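Visitor: Sharing a structure below in structure tokens format, with a few things to ask.
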Amino acid sequence: MKLEFHQLNRRYEHLRVRHPGQQRRLMASLAASGQQTPIVVIAVSDKPDGYLVIDGYKRIAALEQLGRDTVEAVIWPMSESDALVLERSMRFGQRDTALEEGWLLQELRDRFGYSLDDLSRRFDRSTSWVSRRLALVELLPQMIQQTVRMGEISAHVAMKYLVPVARANIEDCQRMAEAFRAHRFTSRQAGELYAAWRDASPQIRQRILDDPGLFLKAQQQIEPQPPKLADELLRDLTMVVAVTNRASRRLTRAAPLMDQDQFDAAERKVACAVKDLEFLAERIHKEQQQHVEQRSTDSDSGASCSEGQQGRDRESSRSLAFNGTQSPAIAILGSTIPAPTRESGTLPAADSGGVGQLQGQSRPGP
């Protein structure tokens with residue numbers, strides 16, 4: 001059926017993120033081919049000719065911009081909450097971001113009084129998943145969430161970089177969000193700024209946020225071409241495989257010459273290396289979830305194994321401090337405080353050492 005725009009209640013439009021580029025393409029398609037897919041609405045009980053929009057906000061906006069007066073719609077005979085949950089479960093296109101999922105969960109909880117158990121059953125998820133999504137939207141200031149809704153900051157950037165900053169310092173989070181919005185940083189630039197903030201002292205953090213453009217310009221002068229970090233990571237892991245193969249061959253020759261103490265030492269080193277590699281595999285899985293599926297995850301947990309020592313504690317983002325070479329970009333800002341290098345450990349060359357050399361070098365020492 002055809003509905004006029006004044007009949008439509010767009011109460012839940014704020015649950016969606018705007019994508020200006022996609023909106024322009026949609027408007028061009030509607031102008032060329034007309035509306036092919038109807039929007040979804042439900043009847044409003046207290047308004048005979050009123051309808052609540054469940055899906056189709058982008059089509060409505062595009063048709064309005066094209067000067068159309070009506071929109072094709074299909075009516076679902078069900079309640080608001082049932083329609084919202086059903087629409088999400090039937091969506092086949094681009095999946096919701098974690099923020100959009102959190103907005104919907106928050107709306108269902110606050111408007112309809114659903115408990116965590118109710119929401120977990122309706123979405124066929126764990127209560128932990130529901131709690132994490134709700135915590136995500138409750139953590140970010142509303143002003144930042146609005147910039148995400150308007151498409152001025154991508155939801156992926158907000159989840160990956162602004163949420164960890166908000167956990168540490170709300171004021172810094174707001175300043176960083178303003179920098180992302182004002183400068184229209186790419187995801188890579190946003191990541192560089194966040195990494196510099198995370199690894200810096202409180203004084204240098206403020207200096208970075210005072211002039212984020214200057215920091216990135218300095219960073220670009222130091223590294224005009226972005227390093228091929230993915231290739232470097234894969235090369236490092238290939239070296240790990242080569243080391244283990246070499247150690248296996250050496251074991252065959254060395255075993256007859258080893259005493260009990262040497263066997264014990266070798267087993268301890270292998271156990272530590274295995275624990276380090278298991279921890280690395282866990283981190284790779286979590287990073288994949290963040291980058292590929294764009295789903296928020298909790299911070300990494302685990303400990304590095306060092307022979308004769310307790311595992312190192314992992315510091316929070318509130319007080320990260322490292323030892324290493326000073327970042328040239330931070331130095332340009334006037335800092336004399338050391339900042340971390342990107343990788344402080346290297347694997348042994350293929351023609352020297354054994355399994356024992358892998359111990360203590362997979363990650364920097366405490």
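Within each chain, counting starts at residue 1; across the structure tokens, chains are named A, B, ... in the order shown, with ligands numbered 1 upward in that order.
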Fewer than 4 positions away in the same chain doesn't count, so skip those; otherwise give me all residues within 10 Å of stretch 64-79 of chain A, counting only C-alpha atoms, as a compact mmCIF listing (two decimals) with C-alpha atoms, in the first residue's frame.

Guide:
# COMPACT_ATOMS: atom_id res chain seq x y z
CA MET A 1 0.00 0.00 0.00
CA LYS A 2 1.05 3.62 -0.50
CA LEU A 3 1.51 5.84 2.53
CA GLU A 4 2.14 9.57 2.74
CA PHE A 5 5.10 10.77 4.76
CA HIS A 6 2.95 12.59 7.34
CA GLN A 7 1.42 9.22 8.29
CA LEU A 8 4.79 7.79 9.32
CA MET A 27 18.97 7.89 -4.02
CA ALA A 28 20.49 7.41 -7.48
CA LEU A 30 15.52 5.18 -6.63
CA ALA A 31 15.70 8.02 -9.14
CA GLN A 35 11.18 1.98 -5.22
CA GLN A 36 11.61 -1.78 -5.56
CA THR A 37 11.34 -2.84 -1.89
CA PRO A 38 8.55 -1.63 0.41
CA ILE A 39 9.28 -0.26 3.84
CA VAL A 40 7.98 -2.16 6.89
CA VAL A 41 5.47 -0.53 9.26
CA ILE A 42 3.01 -1.50 11.98
CA ALA A 43 -0.29 0.19 12.73
CA VAL A 44 -0.42 2.72 15.57
CA TYR A 51 1.98 3.90 11.14
CA LEU A 52 5.21 3.22 12.99
CA VAL A 53 8.23 2.62 10.75
CA ILE A 54 10.16 -0.56 11.57
CA ASP A 55 12.45 -0.68 8.53
CA GLY A 56 13.10 1.61 5.57
CA LYS A 58 16.99 5.35 4.37
CA ARG A 59 14.45 4.79 1.57
CA ILE A 60 12.09 7.32 3.13
CA ALA A 83 8.43 -6.28 15.00
CA LEU A 84 11.79 -4.80 16.04
CA LEU A 86 11.78 -9.91 13.86

Visitor: Any idea what the distance is between atom CA of A:Arg10 and atom CA of A:Glu101?

Guide: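 A separation of 18.0 Å between them.
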
Visitor: Atom CA of A:Val130 to atom CA of A:Tyr114: how many Å, to one decimal?

Guide: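 Separation between atom CA of A:Val130 and atom CA of A:Tyr114: 11.5 Å.
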
Visitor: Which residues, written as a list in words, have at least one atom at most 12 Å from A:Gln174, with only C-alpha atoms counted and residues fewer than 4 positions away on the same chain left out?

Guide: Leu139, Leu140, Pro141, Gln142, Met143, Ile144, Gln145, Thr147, Ala158, Tyr161, Leu162, Val163, Val165, Ala166, Arg167, Ala168, Asn169, Ile170, Glu178, Ala179, Phe180, Arg181 and Leu209 of chain A

Visitor: I need the residues from that last selection saved to file as an mmCIF file, in the first residue's frame (with N, CA and C atoms), if you can.

Guide:
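Contents of out_14.cif, as written:
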data_model
loop_
_atom_site.group_PDB
_atom_site.id
_atom_site.type_symbol
_atom_site.label_atom_id
_atom_site.label_comp_id
_atom_site.auth_asym_id
_atom_site.auth_seq_id
_atom_site.Cartn_x
_atom_site.Cartn_y
_atom_site.Cartn_z
ATOM 1 N N LEU A 139 28.702 3.353 28.047
ATOM 2 C CA LEU A 139 30.031 3.884 28.312
ATOM 3 C C LEU A 139 30.329 5.126 27.477
ATOM 4 N N LEU A 140 29.961 5.112 26.203
ATOM 5 C CA LEU A 140 30.253 6.241 25.319
ATOM 6 C C LEU A 140 29.307 7.408 25.605
ATOM 7 N N PRO A 141 29.830 8.630 25.727
ATOM 8 C CA PRO A 141 28.958 9.797 25.923
ATOM 9 C C PRO A 141 27.960 9.937 24.778
ATOM 10 N N GLN A 142 26.788 10.453 25.097
ATOM 11 C CA GLN A 142 25.731 10.596 24.099
ATOM 12 C C GLN A 142 26.154 11.471 22.919
ATOM 13 N N MET A 143 26.972 12.496 23.194
ATOM 14 C CA MET A 143 27.419 13.378 22.120
ATOM 15 C C MET A 143 28.216 12.601 21.074
ATOM 16 N N ILE A 144 29.043 11.664 21.538
ATOM 17 C CA ILE A 144 29.835 10.858 20.613
ATOM 18 C C ILE A 144 28.934 9.892 19.858
ATOM 19 N N GLN A 145 27.975 9.289 20.563
ATOM 20 C CA GLN A 145 27.055 8.381 19.888
ATOM 21 C C GLN A 145 26.279 9.093 18.788
ATOM 22 N N THR A 147 27.364 11.589 16.934
ATOM 23 C CA THR A 147 28.244 11.760 15.771
ATOM 24 C C THR A 147 28.358 10.449 14.988
ATOM 25 N N ALA A 158 34.697 4.080 16.427
ATOM 26 C CA ALA A 158 34.212 4.364 17.781
ATOM 27 C C ALA A 158 34.408 3.169 18.694
ATOM 28 N N TYR A 161 38.529 2.324 19.007
ATOM 29 C CA TYR A 161 39.453 3.306 19.567
ATOM 30 C C TYR A 161 38.837 4.182 20.660
ATOM 31 N N LEU A 162 37.590 4.617 20.481
ATOM 32 C CA LEU A 162 37.016 5.539 21.461
ATOM 33 C C LEU A 162 36.540 4.825 22.722
ATOM 34 N N VAL A 163 36.030 3.609 22.587
ATOM 35 C CA VAL A 163 35.564 2.886 23.779
ATOM 36 C C VAL A 163 36.700 2.627 24.770
ATOM 37 N N VAL A 165 39.384 4.377 25.198
ATOM 38 C CA VAL A 165 39.747 5.666 25.791
ATOM 39 C C VAL A 165 38.702 6.091 26.811
ATOM 40 N N ALA A 166 37.426 5.839 26.510
ATOM 41 C CA ALA A 166 36.358 6.204 27.447
ATOM 42 C C ALA A 166 36.503 5.458 28.761
ATOM 43 N N ARG A 167 36.967 4.204 28.705
ATOM 44 C CA ARG A 167 37.169 3.452 29.938
ATOM 45 C C ARG A 167 38.243 4.100 30.810
ATOM 46 N N ALA A 168 39.210 4.741 30.165
ATOM 47 C CA ALA A 168 40.327 5.324 30.909
ATOM 48 C C ALA A 168 40.071 6.773 31.289
ATOM 49 N N ASN A 169 39.513 7.554 30.357
ATOM 50 C CA ASN A 169 39.387 8.993 30.601
ATOM 51 C C ASN A 169 38.302 9.552 29.669
ATOM 52 N N ILE A 170 37.163 9.908 30.230
ATOM 53 C CA ILE A 170 36.038 10.394 29.429
ATOM 54 C C ILE A 170 36.390 11.697 28.711
ATOM 55 N N GLU A 178 36.304 14.414 18.926
ATOM 56 C CA GLU A 178 36.233 15.686 18.208
ATOM 57 C C GLU A 178 37.330 15.775 17.157
ATOM 58 N N ALA A 179 38.509 15.250 17.483
ATOM 59 C CA ALA A 179 39.601 15.233 16.502
ATOM 60 C C ALA A 179 39.243 14.344 15.317
ATOM 61 N N PHE A 180 38.679 13.164 15.586
ATOM 62 C CA PHE A 180 38.262 12.268 14.504
ATOM 63 C C PHE A 180 37.219 12.947 13.619
ATOM 64 N N ARG A 181 36.272 13.643 14.249
ATOM 65 C CA ARG A 181 35.190 14.273 13.498
ATOM 66 C C ARG A 181 35.696 15.463 12.685
ATOM 67 N N LEU A 209 46.553 15.371 21.929
ATOM 68 C CA LEU A 209 45.165 15.771 21.711
ATOM 69 C C LEU A 209 45.031 17.269 21.464
#

Visitor: To one decimal in Å, tell me the separation between atom CA of A:Met239 and atom CA of A:Ala196.

Guide: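 Computing it gives 28.5 Å between the two atoms.
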
Visitor: Please list as a ChimeraX atom specification every residue within 10 Å of stretch 14-22 of chain A, counting only C-alpha atoms and excluding residues in the same chain fewer than 3 positions away.

Guide: /A:10-11,25-28,55,57-58,96-97,99-107,145-155

Visitor: With N, CA, C and O atoms kept, could you save the residues just selected as a short mmCIF file (atom, residue, chain, number, x, y, z; two decimals), in the first residue's frame?

Guide:
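Final file, part-v7.cif:
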data_model
loop_
_atom_site.label_atom_id
_atom_site.label_comp_id
_atom_site.auth_asym_id
_atom_site.auth_seq_id
_atom_site.Cartn_x
_atom_site.Cartn_y
_atom_site.Cartn_z
N ARG A 10 8.60 7.96 12.90
CA ARG A 10 9.98 7.46 12.73
C ARG A 10 10.71 7.37 14.07
O ARG A 10 11.86 7.75 14.21
N ARG A 11 10.02 6.85 15.05
CA ARG A 11 10.53 6.83 16.43
C ARG A 11 11.87 6.12 16.54
O ARG A 11 12.70 6.50 17.36
N ARG A 25 24.07 6.54 -3.17
CA ARG A 25 23.86 5.47 -4.15
C ARG A 25 22.40 5.01 -4.16
O ARG A 25 21.83 4.72 -5.22
N LEU A 26 21.79 4.93 -2.97
CA LEU A 26 20.38 4.55 -2.88
C LEU A 26 19.49 5.56 -3.59
O LEU A 26 18.56 5.19 -4.32
N MET A 27 19.79 6.85 -3.39
CA MET A 27 18.97 7.89 -4.02
C MET A 27 19.10 7.81 -5.54
O MET A 27 18.10 7.97 -6.26
N ALA A 28 20.31 7.54 -6.03
CA ALA A 28 20.49 7.41 -7.48
C ALA A 28 19.71 6.22 -8.02
O ALA A 28 19.10 6.29 -9.10
N ASP A 55 11.28 -0.60 9.42
CA ASP A 55 12.45 -0.68 8.53
C ASP A 55 12.18 0.15 7.28
O ASP A 55 11.05 0.19 6.79
N TYR A 57 14.07 3.47 6.80
CA TYR A 57 14.33 4.90 7.05
C TYR A 57 15.17 5.52 5.94
O TYR A 57 14.94 6.67 5.55
N LYS A 58 16.13 4.79 5.42
CA LYS A 58 16.99 5.35 4.37
C LYS A 58 16.20 5.54 3.08
O LYS A 58 16.40 6.52 2.35
N ASP A 96 24.35 -5.36 11.58
CA ASP A 96 24.46 -4.25 12.53
C ASP A 96 25.84 -4.22 13.16
O ASP A 96 26.48 -5.25 13.36
N THR A 97 26.28 -3.02 13.50
CA THR A 97 27.48 -2.90 14.33
C THR A 97 27.10 -3.19 15.78
O THR A 97 25.92 -3.24 16.14
N LEU A 99 27.41 -1.22 18.21
CA LEU A 99 26.71 -0.05 18.75
C LEU A 99 25.22 -0.09 18.39
O LEU A 99 24.36 0.18 19.23
N GLU A 100 24.91 -0.42 17.14
CA GLU A 100 23.50 -0.50 16.73
C GLU A 100 22.77 -1.59 17.49
O GLU A 100 21.61 -1.43 17.88
N GLU A 101 23.46 -2.72 17.71
CA GLU A 101 22.85 -3.78 18.52
C GLU A 101 22.60 -3.29 19.93
O GLU A 101 21.54 -3.57 20.52
N GLY A 102 23.56 -2.54 20.48
CA GLY A 102 23.38 -2.00 21.82
C GLY A 102 22.24 -1.01 21.91
O GLY A 102 21.47 -1.00 22.88
N TRP A 103 22.09 -0.16 20.88
CA TRP A 103 20.98 0.80 20.88
C TRP A 103 19.63 0.08 20.88
O TRP A 103 18.71 0.49 21.59
N LEU A 104 19.53 -0.96 20.08
CA LEU A 104 18.26 -1.71 20.04
C LEU A 104 17.99 -2.39 21.37
O LEU A 104 16.85 -2.33 21.88
N LEU A 105 18.99 -3.02 21.94
CA LEU A 105 18.80 -3.67 23.24
C LEU A 105 18.41 -2.67 24.31
O LEU A 105 17.53 -2.93 25.15
N GLN A 106 19.06 -1.52 24.30
CA GLN A 106 18.75 -0.48 25.28
C GLN A 106 17.31 0.01 25.12
O GLN A 106 16.60 0.23 26.10
N GLU A 107 16.87 0.17 23.87
CA GLU A 107 15.50 0.62 23.62
C GLU A 107 14.49 -0.41 24.13
O GLU A 107 13.50 -0.06 24.77
N GLN A 145 27.98 9.29 20.56
CA GLN A 145 27.05 8.38 19.89
C GLN A 145 26.28 9.09 18.79
O GLN A 145 25.99 8.51 17.74
N GLN A 146 25.94 10.36 19.01
CA GLN A 146 25.21 11.11 17.99
C GLN A 146 26.07 11.33 16.75
O GLN A 146 25.56 11.27 15.63
N THR A 147 27.36 11.59 16.93
CA THR A 147 28.24 11.76 15.77
C THR A 147 28.36 10.45 14.99
O THR A 147 28.49 10.47 13.76
N VAL A 148 28.28 9.31 15.70
CA VAL A 148 28.30 8.02 15.02
C VAL A 148 27.01 7.84 14.23
O VAL A 148 27.02 7.39 13.07
N ARG A 149 25.87 8.18 14.84
CA ARG A 149 24.59 8.07 14.15
C ARG A 149 24.56 8.91 12.87
O ARG A 149 23.99 8.50 11.86
N MET A 150 25.18 10.08 12.92
CA MET A 150 25.18 10.98 11.77
C MET A 150 26.20 10.59 10.72
O MET A 150 26.28 11.21 9.66
N GLY A 151 27.01 9.57 10.99
CA GLY A 151 28.01 9.13 10.04
C GLY A 151 29.27 9.96 10.04
O GLY A 151 30.11 9.82 9.14
N GLU A 152 29.44 10.83 11.04
CA GLU A 152 30.64 11.67 11.10
C GLU A 152 31.84 10.91 11.65
O GLU A 152 32.99 11.27 11.40
N ILE A 153 31.58 9.86 12.44
CA ILE A 153 32.61 8.93 12.90
C ILE A 153 32.07 7.54 12.65
O ILE A 153 30.91 7.26 12.97
N SER A 154 32.89 6.67 12.08
CA SER A 154 32.39 5.33 11.80
C SER A 154 32.20 4.55 13.10
O SER A 154 32.93 4.76 14.07
N ALA A 155 31.22 3.65 13.10
CA ALA A 155 30.97 2.84 14.29
C ALA A 155 32.18 1.97 14.61
O ALA A 155 32.49 1.73 15.78
#

Visitor: Give the helix (DSSP H, G or I) residues of stretch 75-177 of chain A, as assigned by DSSP on the backbone, as a PyMOL selection string.

Guide: chain A and resi 80-89+98-112+116-122+127-139+142-149+155-168+170-177

Visitor: So which residues touch A:Leu193 within 10 Å, counting only C-alpha atoms, skipping near sequence neighbours fewer than 4 positions away, as a list of chain:residue names?

Guide: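 The residues satisfying every condition are A:Tyr161, A:Met176, A:Ala179, A:Phe180, A:Phe185, A:Ser187, A:Arg188, A:Gln189, A:Trp197, A:Arg198, A:Arg205, A:Ile208, A:Leu209, A:Pro212, A:Gly213, A:Phe215, A:Leu216, A:Gln219.
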